[in-house]
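**Q** Before we start, here is the structure in question, set down as structure tokens.
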Amino acid sequence: MEDLKNLLHWSAKYWYIYIISLVVCAAIGITYYCTTPFKFKVNASVMLRTPSGGSAQDQLIKMMGVGVSDNSADEIEIFSSATLMEEVVNRLNVEKLYYTKVEGKWQILYPSHPFEVVLPEGCRTNVTITMTKDGDKYKLKVKDSRDGTKRFRVATLSEPIKTHIGDISINATKPIEDGKYRIVCLQKQWAINYMQHQVEVSRESRESKIIHFTSNTTSPRLMRDVISTMLDIYTNQSTTDKTMVASETETFLNARISSVAYQLDSAEAAIETYKRVNQIANLKAMAETYRNHSDAYEHKLLQLDADLTMLDYINNILISSQDDYSLIPSETGVNDATLSYMVNTYNLQVMTLQNLRQTAKQDNPTVVIQVEKLKQTKQTLLNTIEQCRQATKLNRQNVKSQYDLYVGRLQDLPEQERHYLELERERNAREKQYLYLVEQQEANALLLSSDAMPAKIVERPTIYPESISPDKRIIIIMVIIIAFGLPVALFFFIQIFQFLYSPKKSLSEEN
């Protein structure tokens, strides 16, 4: 304790060092505050709409794999994806960012700027151009990631400027004021990565359906437009996917309804003709005892026949389509989780390939990889369908054997009973298929007419008026702490040094 008092007393004699330290630290703090661009917080939030599954429309949305996933983590991946951000970069044209220096700070010129920079064709590197205008003279500093930095002087911007990266054109859109300007020209992938790092997409908890978008940036107006564009593109893509799937489903349902309706009319006409020719009024009373036992197995046979018909239909679509991939209905009616999963996976990959083909060429590596992946999924789906067909056939054989046991007992009845049962079963199967398809057609019509958005905006992209950095209070506190901490540390190390090399001389003797 005595040594500490002596240290403080000794250091107090050199009070002017504290003043010098305070002045230096204050100057550094003021310089940092005056030269560091202000950062502002931009925030937005949306609530995902998840289909409840109660209505026919919601059931159809889930059946086709369209809409918002029950897990909002999947939607966060979509919002954070490079594909979505690429659409934002293309729409806002932010591969070139323009800045001007105002009071020692670089401020972005957005959304308008007094000139447009045109890089040489074929430039494949990031370029930073610093231009200083002083009257009629221009000084340029061109820096790229491969050839370094070089300086140029020009008297006019009316002609292309010859630089080490090629001819650069600066086209003025309005009078350029004297000052310092900086133009950051990024390659598209760099611009996408930069924007992805500027926007943080998160949620408060795993159960929450509200997604937050946050950006702490020196370009608040730009990031507000970036977040707004992200939400707009997401909504448009979701609506487009919903409409596309619903339209293709409508075509499929209309074709199937026409086919089944024709078969149902033929079955009913056959029953009518058979009754009229054989003068049959009521056969149910004749075979009620045996039919009660066969009804249960007959119902199972109808279901299995419908399953086999649907499996054959989807298998024929996949085989006949070859390289022309199109969506297939995921509601097969077959109670097999693996088949449902593979059909949903195939539909998602088909939609992904269709989206890629809208923005990329056929020989694009991403498209080629997606096509190969889709071929593998298609083959796996064909194998799964074959396995389900074999399993269904085996199950049908077992059910058919039980059904034949009871139907065989009806062979002693008139021949008309057996023919009538066959015709009735055919009619019931076609009627069941027809009613199911009509129900799905109505649900699909509701989906087409629905204008519900996949996400509800809770808070629109908003710029908070107060800057978050640099914080004047924190800078003042750090200046005070460092200004007084450095001299104390200096005196402490001097005392240690004197103690090591002059152990017999104490502070009290020196004073």
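In the structure tokens, chains take the letters A, B, ... in the order shown, each chain's residues start at 1, and ligands count up from 1 in the order shown.
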Would you list the contacts of Gly179 of chain A as a list in words, taking every protein, DNA or RNA residue within 9 Å and counting only C-alpha atoms, but skipping same-chain residues closer than 6 positions in sequence?

**A**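 Within the cut-off, the hits are Thr100, Lys101, Val102, Met131, Thr132, Lys133 and Asp134 of chain A.
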
**Q** For Lys188 of chain A, find every residue with an atom within 8 Å (counting only C-alpha atoms), except residues of its own chain fewer than 4 positions away, and show them as a count of residues only.

**A** 4

**Q** Go ahead and compute the interatomic distance for atom CA of Val343 of chain A and atom CA of Ser247 of chain A, in Å to one decimal.

**A** 18.4 Å

**Q** So that I can check the secondary structure, give me every residue of segment 343-487 of chain A assigned strand (DSSP E) by backbone DSSP, as a PyMOL selection string.

**A** chain A and resi 455-463

**Q** Residues at most 7 Å from segment 484-486 of chain A, counting only C-alpha atoms, excluding those fewer than 4 positions away in the same chain, as a count of residues only?

**A** 3

**Q** List every residue of segment 175-242 of chain A that DSSP, applied to the backbone of this structure, places in helix (DSSP H, G or I), and write the result as a tab-separated table (two decimals) with N, CA and C atoms, in the first residue's frame.

**A**
chain	number	residue	atom	x	y	z
A	188	LYS	N	-19.85	-9.29	-60.51
A	188	LYS	CA	-21.18	-9.62	-60.03
A	188	LYS	C	-21.15	-10.52	-58.80
A	189	GLN	N	-20.31	-11.55	-58.80
A	189	GLN	CA	-20.27	-12.46	-57.65
A	189	GLN	C	-19.79	-11.74	-56.40
A	190	TRP	N	-18.83	-10.82	-56.57
A	190	TRP	CA	-18.37	-10.03	-55.42
A	190	TRP	C	-19.48	-9.13	-54.91
A	191	ALA	N	-20.23	-8.53	-55.83
A	191	ALA	CA	-21.34	-7.68	-55.42
A	191	ALA	C	-22.40	-8.48	-54.67
A	192	ILE	N	-22.66	-9.69	-55.14
A	192	ILE	CA	-23.64	-10.55	-54.46
A	192	ILE	C	-23.16	-10.89	-53.05
A	193	ASN	N	-21.89	-11.31	-52.93
A	193	ASN	CA	-21.35	-11.64	-51.62
A	193	ASN	C	-21.36	-10.43	-50.69
A	194	TYR	N	-21.04	-9.25	-51.23
A	194	TYR	CA	-21.02	-8.04	-50.41
A	194	TYR	C	-22.42	-7.74	-49.86
A	195	MET	N	-23.43	-7.83	-50.71
A	195	MET	CA	-24.79	-7.55	-50.27
A	195	MET	C	-25.29	-8.61	-49.30
A	196	GLN	N	-24.88	-9.86	-49.50
A	196	GLN	CA	-25.29	-10.91	-48.57
A	196	GLN	C	-24.75	-10.65	-47.17
A	197	HIS	N	-23.50	-10.18	-47.07
A	197	HIS	CA	-22.91	-9.90	-45.77
A	197	HIS	C	-23.50	-8.63	-45.14
A	198	GLN	N	-24.11	-7.77	-45.96
A	198	GLN	CA	-24.68	-6.54	-45.42
A	198	GLN	C	-26.04	-6.77	-44.76
A	220	PRO	N	-27.61	3.64	-45.71
A	220	PRO	CA	-28.95	3.20	-45.26
A	220	PRO	C	-29.99	3.19	-46.37
A	221	ARG	N	-29.98	4.19	-47.26
A	221	ARG	CA	-30.99	4.21	-48.32
A	221	ARG	C	-30.81	3.03	-49.27
A	222	LEU	N	-29.55	2.70	-49.57
A	222	LEU	CA	-29.29	1.56	-50.44
A	222	LEU	C	-29.78	0.27	-49.82
A	223	MET	N	-29.44	0.04	-48.54
A	223	MET	CA	-29.83	-1.22	-47.89
A	223	MET	C	-31.34	-1.30	-47.67
A	224	ARG	N	-31.99	-0.13	-47.50
A	224	ARG	CA	-33.45	-0.16	-47.40
A	224	ARG	C	-34.05	-0.64	-48.72
A	225	ASP	N	-33.51	-0.16	-49.84
A	225	ASP	CA	-33.99	-0.61	-51.14
A	225	ASP	C	-33.64	-2.07	-51.40
A	226	VAL	N	-32.48	-2.52	-50.90
A	226	VAL	CA	-32.08	-3.92	-51.07
A	226	VAL	C	-33.06	-4.84	-50.36
A	227	ILE	N	-33.40	-4.51	-49.11
A	227	ILE	CA	-34.33	-5.35	-48.34
A	227	ILE	C	-35.71	-5.31	-48.98
A	228	SER	N	-36.15	-4.13	-49.40
A	228	SER	CA	-37.47	-4.03	-50.07
A	228	SER	C	-37.51	-4.87	-51.33
A	229	THR	N	-36.42	-4.85	-52.10
A	229	THR	CA	-36.37	-5.64	-53.33
A	229	THR	C	-36.34	-7.13	-53.02
A	230	MET	N	-35.64	-7.54	-51.97
A	230	MET	CA	-35.64	-8.95	-51.56
A	230	MET	C	-37.05	-9.43	-51.29
A	231	LEU	N	-37.81	-8.65	-50.54
A	231	LEU	CA	-39.18	-9.05	-50.21
A	231	LEU	C	-40.05	-9.08	-51.46
A	232	ASP	N	-39.87	-8.12	-52.35
A	232	ASP	CA	-40.66	-8.06	-53.57
A	232	ASP	C	-40.36	-9.26	-54.47
A	233	ILE	N	-39.09	-9.60	-54.64
A	233	ILE	CA	-38.72	-10.74	-55.49
A	233	ILE	C	-39.22	-12.04	-54.89
A	234	TYR	N	-39.09	-12.19	-53.57
A	234	TYR	CA	-39.56	-13.42	-52.90
A	234	TYR	C	-41.06	-13.59	-53.13
A	235	THR	N	-41.82	-12.51	-52.96
A	235	THR	CA	-43.27	-12.58	-53.14
A	235	THR	C	-43.62	-12.93	-54.58
A	236	ASN	N	-42.96	-12.28	-55.54
A	236	ASN	CA	-43.25	-12.55	-56.95
A	236	ASN	C	-42.91	-13.99	-57.34
A	237	GLN	N	-41.76	-14.48	-56.85
A	237	GLN	CA	-41.38	-15.86	-57.18
A	237	GLN	C	-42.37	-16.86	-56.60
A	238	SER	N	-42.78	-16.64	-55.35
A	238	SER	CA	-43.73	-17.56	-54.73
A	238	SER	C	-45.06	-17.55	-55.47
A	239	THR	N	-45.52	-16.34	-55.87
A	239	THR	CA	-46.78	-16.25	-56.61
A	239	THR	C	-46.66	-16.92	-57.98
A	240	THR	N	-45.52	-16.71	-58.64
A	240	THR	CA	-45.31	-17.33	-59.95
A	240	THR	C	-45.29	-18.85	-59.84
A	241	ASP	N	-44.59	-19.37	-58.83
A	241	ASP	CA	-44.54	-20.82	-58.65
A	241	ASP	C	-45.94	-21.39	-58.39
A	242	LYS	N	-46.72	-20.68	-57.55
A	242	LYS	CA	-48.07	-21.14	-57.25
A	242	LYS	C	-48.92	-21.18	-58.51

**Q** One decimal, in Å: what's the spacing between atom CA of Thr149 of chain A and atom CA of Ile161 of chain A?

**A**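 Straight-line distance from atom CA of Thr149 of chain A to atom CA of Ile161 of chain A works out to 15.2 Å.
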
**Q** So, counting only C-alpha atoms, which residue among A:Glu177, A:Phe79, A:Met85, A:Lys150 is closest to Pro114 of chain A?

**A**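 Smallest distance to Pro114 of chain A is found for A:Glu177.
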
**Q** What's the 7 Å shell around Phe115 of chain A, counting only C-alpha atoms, without same-chain residues fewer than 3 positions away, as a ChimeraX atom specification?

**A** /A:170-174

**Q** Those selected residues, please, written with N, CA and C atoms and delivered as a short mmCIF file (atom, residue, chain, number, x, y, z; two decimals), in the first residue's frame.

**A**
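Result saved to again.cif:
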data_model
loop_
_atom_site.label_atom_id
_atom_site.label_comp_id
_atom_site.auth_asym_id
_atom_site.auth_seq_id
_atom_site.Cartn_x
_atom_site.Cartn_y
_atom_site.Cartn_z
N ILE A 170 -15.88 8.06 -68.58
CA ILE A 170 -16.63 8.70 -67.49
C ILE A 170 -17.61 9.66 -68.14
N ASN A 171 -18.88 9.30 -68.15
CA ASN A 171 -19.92 10.08 -68.81
C ASN A 171 -20.68 10.88 -67.77
N ALA A 172 -20.57 12.19 -67.83
CA ALA A 172 -21.24 13.06 -66.86
C ALA A 172 -22.72 13.16 -67.21
N THR A 173 -23.57 12.94 -66.22
CA THR A 173 -25.02 13.08 -66.40
C THR A 173 -25.51 14.45 -65.94
N LYS A 174 -24.69 15.14 -65.15
CA LYS A 174 -24.97 16.50 -64.73
C LYS A 174 -23.64 17.13 -64.31
#

**Q** Atom CA of Leu394 of chain A and atom CA of Ser294 of chain A, how far apart in Å?

**A**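 Computed distance, atom CA of Ser294 of chain A to atom CA of Leu394 of chain A, equals 18.9 Å.
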
**Q** Find the residues around Ser80 of chain A up to 10 Å (only C-alpha atoms counted), leave out those fewer than 3 positions away in its own chain, and share them as a ChimeraX atom specification.

**A** /A:74-77,83-85,196-197,199-202,230

**Q** From the list A:Arg151, A:Phe497, A:Tyr297, A:Ile211, which residue is nearest Leu405 of chain A when using only C-alpha atoms?

**A**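 Looking only at the distances to Leu405 of chain A, the closest residue turns out to be A:Tyr297.
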